[in-house]
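Printed here is target.cif (mmCIF, C-alpha atoms):
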```cif
data_final
loop_
_atom_site.label_atom_id
_atom_site.label_comp_id
_atom_site.auth_asym_id
_atom_site.auth_seq_id
_atom_site.Cartn_x
_atom_site.Cartn_y
_atom_site.Cartn_z
CA MET A 296 5.83 -15.75 -2.97
CA VAL A 297 4.47 -12.23 -2.49
CA LYS A 298 1.41 -11.54 -4.61
CA THR A 299 -0.10 -8.08 -5.02
CA TYR A 300 -3.69 -7.62 -6.18
CA ILE A 301 -5.05 -4.35 -7.53
CA LEU A 302 -8.67 -3.22 -7.74
CA ASN A 303 -9.93 -0.19 -9.67
CA THR A 304 -12.91 1.17 -7.72
CA ASP A 305 -14.32 3.39 -10.50
CA ALA A 306 -17.17 0.94 -11.16
CA LEU A 307 -18.39 1.49 -7.60
CA ASP A 308 -19.55 4.96 -8.64
CA ASN A 309 -22.62 3.02 -9.76
CA ARG A 310 -24.70 3.15 -6.60
CA GLU A 311 -26.62 -0.02 -7.45
CA LEU A 312 -23.36 -1.98 -7.75
CA PHE A 313 -22.01 -0.29 -4.62
CA GLU A 314 -25.05 -1.35 -2.56
CA LYS A 315 -24.90 -4.88 -3.97
CA LYS A 316 -21.24 -5.29 -3.03
CA LEU A 317 -21.74 -3.59 0.34
CA ASP A 318 -24.14 -6.40 1.30
CA THR A 319 -21.38 -8.99 0.76
CA VAL A 320 -18.86 -7.69 3.34
CA ASP A 321 -19.01 -8.33 7.07
CA LYS A 322 -21.05 -6.21 9.46
CA GLU A 323 -18.08 -4.36 10.98
CA ARG A 324 -16.75 -3.41 7.55
CA ARG A 325 -20.21 -2.15 6.51
CA LYS A 326 -20.42 0.03 9.62
CA LYS A 327 -16.97 1.45 8.92
CA ILE A 328 -17.85 2.20 5.29
CA LEU A 329 -21.11 3.94 6.12
CA ARG A 330 -19.42 6.19 8.68
CA LEU A 331 -17.13 7.55 5.97
CA PRO A 332 -17.90 10.43 3.59
CA LYS A 333 -19.53 9.23 0.37
CA ASN A 334 -17.71 8.70 -2.93
CA THR A 335 -13.97 8.02 -2.79
CA PRO A 336 -13.49 7.14 0.93
CA GLN A 337 -16.44 4.72 0.87
CA LYS A 338 -15.31 3.16 -2.41
CA GLN A 339 -11.79 2.65 -1.08
CA SER A 340 -12.98 1.04 2.14
CA LEU A 341 -15.43 -1.21 0.32
CA GLY A 342 -12.73 -2.17 -2.17
CA ALA A 343 -10.42 -3.05 0.73
CA GLY A 344 -13.12 -5.18 2.31
CA LEU A 345 -13.78 -7.02 -0.95
CA LEU A 346 -10.09 -7.76 -1.49
CA ILE A 347 -9.63 -9.03 2.07
CA LYS A 348 -12.76 -11.18 1.84
CA THR A 349 -11.67 -12.70 -1.48
CA PHE A 350 -7.97 -13.34 -0.85
CA VAL A 351 -7.49 -13.40 2.92
CA GLY A 352 -10.68 -14.36 4.70
CA ASP A 353 -11.59 -13.37 8.24
CA ILE A 354 -9.60 -10.86 10.27
CA THR A 355 -8.69 -12.58 13.55
CA SER A 356 -6.82 -9.86 15.44
CA TYR A 357 -4.95 -6.57 15.24
CA GLY A 358 -1.22 -6.24 15.88
CA ILE A 359 1.02 -3.36 16.91
CA GLY A 360 -0.05 -0.15 15.21
CA GLY A 361 -3.49 -1.61 14.43
CA LYS A 362 -2.24 -3.85 11.61
CA PRO A 363 -5.00 -6.40 10.84
CA GLN A 364 -4.02 -10.07 11.00
CA ALA A 365 -5.40 -13.39 9.79
CA LEU A 366 -4.66 -16.91 10.97
CA GLU A 367 -2.86 -18.33 7.93
CA THR A 368 -1.97 -15.37 5.72
CA GLN A 369 0.29 -12.36 6.12
CA PHE A 370 -1.23 -9.40 4.30
CA ASN A 371 -1.33 -5.65 4.02
CA ILE A 372 -3.56 -3.19 2.18
CA SER A 373 -3.28 0.35 0.84
CA HIS A 374 -5.36 2.72 -1.26
CA SER A 375 -4.97 5.98 -3.12
CA GLY A 376 -7.23 7.65 -5.67
CA ARG A 377 -9.14 5.05 -7.66
CA TYR A 378 -7.01 2.07 -6.63
CA VAL A 379 -6.94 -0.33 -3.70
CA VAL A 380 -4.08 -2.84 -3.45
CA LEU A 381 -3.56 -5.94 -1.32
CA SER A 382 -0.28 -7.82 -0.85
CA VAL A 383 -0.29 -11.35 0.59
CA SER A 384 2.55 -13.65 1.60
CA ASN A 385 3.60 -16.36 4.03
CA GLU A 386 6.05 -13.83 5.49
CA PRO A 387 5.43 -10.31 6.91
CA VAL A 388 4.54 -7.86 4.13
CA GLY A 389 3.73 -4.18 3.71
CA VAL A 390 2.39 -2.25 0.71
CA ASP A 391 1.83 1.40 -0.10
CA ILE A 392 0.34 3.12 -3.14
CA GLU A 393 0.39 6.88 -3.61
CA LEU A 394 -0.95 9.21 -6.28
CA LEU A 395 1.91 11.17 -7.84
CA GLN A 396 1.53 14.85 -7.00
CA ARG A 397 3.72 17.85 -7.69
CA GLY A 398 5.06 19.91 -4.81
CA ARG A 399 5.12 17.20 -2.15
CA ARG A 400 8.92 17.07 -2.04
CA LYS A 401 8.78 20.38 -0.17
CA ILE A 402 7.91 18.49 3.01
CA ALA A 403 10.84 16.07 2.67
CA SER A 404 13.01 17.92 5.19
CA LYS A 405 10.31 17.41 7.84
CA PHE A 406 9.97 13.65 7.47
CA PHE A 407 13.08 12.26 5.74
CA THR A 408 16.68 11.68 6.78
CA LEU A 409 19.55 13.79 5.49
CA GLU A 410 20.61 10.97 3.15
CA GLU A 411 17.12 10.74 1.66
CA ASN A 412 16.92 14.51 1.19
CA ILE A 413 20.23 14.42 -0.69
CA GLN A 414 18.84 11.72 -3.01
CA ILE A 415 15.78 13.88 -3.69
CA ASP A 416 17.83 17.02 -4.34
CA GLN A 417 20.13 15.17 -6.75
CA SER A 418 17.25 13.57 -8.65
CA TYR A 419 16.17 14.68 -12.12
CA ASP A 420 12.57 14.42 -10.87
CA PRO A 421 12.47 15.35 -7.15
CA ASP A 422 8.70 14.89 -6.78
CA ARG A 423 8.80 11.34 -8.15
CA THR A 424 11.83 10.45 -6.06
CA PHE A 425 10.09 11.81 -2.98
CA THR A 426 7.06 9.60 -3.69
CA ARG A 427 9.25 6.55 -4.34
CA LEU A 428 11.03 7.02 -1.03
CA TRP A 429 7.75 7.65 0.79
CA THR A 430 6.06 4.49 -0.51
CA LEU A 431 9.13 2.32 0.05
CA LYS A 432 9.54 3.61 3.59
CA GLU A 433 5.87 3.25 4.44
CA ALA A 434 5.78 -0.28 2.96
CA PHE A 435 8.74 -1.20 5.17
CA LEU A 436 7.22 0.29 8.31
CA LYS A 437 3.91 -1.43 7.60
CA CYS A 438 5.78 -4.68 7.03
CA ILE A 439 7.34 -4.55 10.49
CA GLY A 440 3.99 -3.53 11.94
CA THR A 441 4.76 -0.10 13.38
CA GLY A 442 3.18 2.22 10.81
CA ILE A 443 4.76 5.54 9.91
CA GLY A 444 4.13 7.32 13.23
CA ARG A 445 7.40 8.64 14.65
CA ASN A 446 9.53 6.07 12.84
CA LEU A 447 10.11 7.94 9.57
CA ARG A 448 13.46 9.31 10.71
CA LYS A 449 14.55 6.01 12.25
CA THR A 450 14.87 4.41 8.84
CA SER A 451 16.49 5.49 5.61
CA ILE A 452 15.86 4.18 2.11
CA ASN A 453 18.87 4.11 -0.22
CA LEU A 454 18.18 4.08 -3.97
CA ASN A 455 21.77 4.61 -5.09
CA GLY A 456 23.35 1.93 -7.25
CA GLY A 457 20.07 0.58 -8.57
CA ASP A 458 19.31 -1.65 -5.58
CA ILE A 459 16.81 -0.65 -2.91
CA ARG A 460 18.21 -0.92 0.60
CA VAL A 461 16.79 0.02 3.96
CA GLU A 462 19.08 1.26 6.71
CA GLN A 463 17.47 0.74 10.10
CA ASN A 464 18.24 -0.25 13.68
CA ILE A 465 14.84 -1.65 14.60
CA ASN A 466 15.78 -5.31 14.01
CA ASN A 467 18.29 -7.51 12.19
CA TYR A 468 15.97 -9.12 9.65
CA PRO A 469 16.61 -8.81 5.90
CA TYR A 470 13.94 -7.01 3.86
CA TYR A 471 13.25 -7.03 0.15
CA PHE A 472 11.38 -4.59 -2.09
CA LYS A 473 9.37 -4.63 -5.30
CA GLU A 474 8.00 -1.64 -7.23
CA TYR A 475 5.20 -1.80 -9.80
CA ASN A 476 4.43 0.69 -12.55
CA ILE A 477 0.97 2.24 -12.67
CA GLU A 478 0.42 5.41 -14.67
CA GLY A 479 0.13 8.37 -12.31
CA TYR A 480 0.86 6.31 -9.18
CA GLN A 481 3.76 4.84 -7.24
CA LEU A 482 3.35 1.36 -5.74
CA SER A 483 5.92 -0.31 -3.47
CA VAL A 484 5.91 -3.62 -1.60
CA CYS A 485 8.24 -4.77 1.20
CA SER A 486 8.55 -8.25 2.65
CA GLU A 487 10.85 -10.67 4.43
CA ASP A 488 10.10 -12.95 1.47
CA ASN A 489 12.46 -12.26 -1.44
CA GLU A 490 10.21 -13.74 -4.13
CA PHE A 491 7.67 -11.37 -5.69
CA GLU A 492 5.10 -11.94 -8.40
CA GLU A 493 6.52 -10.21 -11.46
CA LYS A 494 3.28 -8.47 -12.40
CA LEU A 495 0.41 -6.92 -10.54
CA ILE A 496 -2.71 -9.08 -10.51
CA ASP A 497 -5.67 -7.01 -11.69
CA VAL A 498 -8.82 -8.47 -10.10
CA THR A 499 -11.22 -5.67 -11.02
CA GLU A 500 -13.15 -7.83 -13.49
CA ARG A 501 -13.26 -10.78 -11.11
CA ILE A 502 -14.62 -8.75 -8.20
CA LEU A 503 -16.62 -5.97 -9.86
CA GLY A 504 -17.25 -7.32 -13.34
CA ALA A 505 -15.12 -4.63 -15.02
CA ASN A 506 -11.48 -4.31 -16.05
CA THR A 507 -10.36 -0.68 -16.07
CA LEU A 508 -6.70 -0.74 -14.99
#
```
Represent the structure from my file as structure tokens, please.
Amino acid sequence: MVKTYILNTDALDNRELFEKKLDTVDKERRKKILRLPKNTPQKQSLGAGLLIKTFVGDITSYGIGGKPQALETQFNISHSGRYVVLSVSNEPVGVDIELLQRGRRKIASKFFTLEENIQIDQSYDPDRTFTRLWTLKEAFLKCIGTGIGRNLRKTSINLNGGDIRVEQNINNYPYYFKEYNIEGYQLSVCSEDNEFEEKLIDVTERILGANTL
């Protein structure tokens, strides 16, 4: 079963709460956070650290593309705007969340395949379709452990017919996708596991003492 947790970091604007939670993460995470610009980047990194600490445990190594790994749990993390998300599974998993923005579809020709560009051009909402394709593709590439890098054109996401399919020649494994609705954002998860939790699990209150999803 693939479970995806979501944390709203708005409460970390309170510096007292921020400092309190900062003291609970490991030394390396604290160093990373404090090297970042204040406000959103620090909140996102702290939120990521809190999610990993709560639902994964210790990071034991880093795989291809710098993907963090733990002994017993497959996981992946992403952040955008106020949200940080963590997907966990017994099988490889990737997750991506992106803030919906107008005008981004203009860069589609640079990063997407011809088939994906056709889907965008034929869409009633090209910007949303661009963001859907981007998050699905990034979730897949994070799932296989390569990251987006130079692999964007080596894979193609097909949304036609209602089912999400990935066309790729990297390996022969089957991959499955799940999308979740968040106002103003696009969230996609990819895994070799074909069972996904139906709803996002909001852990903001559990971790920060506030529920603001």
At a cut-off of 10 Å around the point (14.8, 10.8, 5.3) (file coordinates), what residues fall inside when counting all atoms listed in the file? I'd like the answer as JSON, numbers by chain. {"A": [403, 404, 405, 406, 407, 408, 409, 410, 411, 412, 413, 414, 415, 425, 428, 429, 432, 447, 448, 449, 450, 451, 452, 453]}
Interatomic distance (Å, one decimal) between CA of Lys316 in chain A and CA of Leu495 in chain A: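 Result for CA of Lys316 in chain A versus CA of Leu495 in chain A: 23.0 Å, one decimal.
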Using all atoms listed in the file and a cutoff of 12 Å, can you tell me which residues are near (-20.1, 5.5, 2.9) in the file's coordinates, and write them out as a PyMOL selection string? chain A and resi 307-308+310+313-314+317+324-342
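Between Tyr480 in chain A and the residues A:Asp321, A:Glu462, A:Glu492, A:Asp391, the shortest atom-to-atom distance, using only C-alpha atoms, involves A:Asp391.
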So how many Å separate CA of Ser483 in chain A and CA of Ile372 in chain A, to one decimal?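 Between CA of Ser483 in chain A and CA of Ile372 in chain A the gap is 11.4 Å.
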Quick one: distance from CA of Glu478 in chain A to CA of Leu436 in chain A in Å, one decimal?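 One can read the CA of Glu478 in chain A to CA of Leu436 in chain A distance as 24.5 Å.
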Within 8 Å of Tyr378 in chain A, counting all atoms listed in the file, which residues show up once you throw out same-chain ones fewer than 4 positions away? Write them as an NGL selection string, please. :A and (301-304 or 339 or 374)
Nearest to Tyr300 in chain A, chosen from A:Ile502, A:Asn489, A:Gly440, A:Asn464, with only C-alpha atoms counted in the distances: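 Looking at the shortest contact to Tyr300 in chain A, the residue is A:Ile502.
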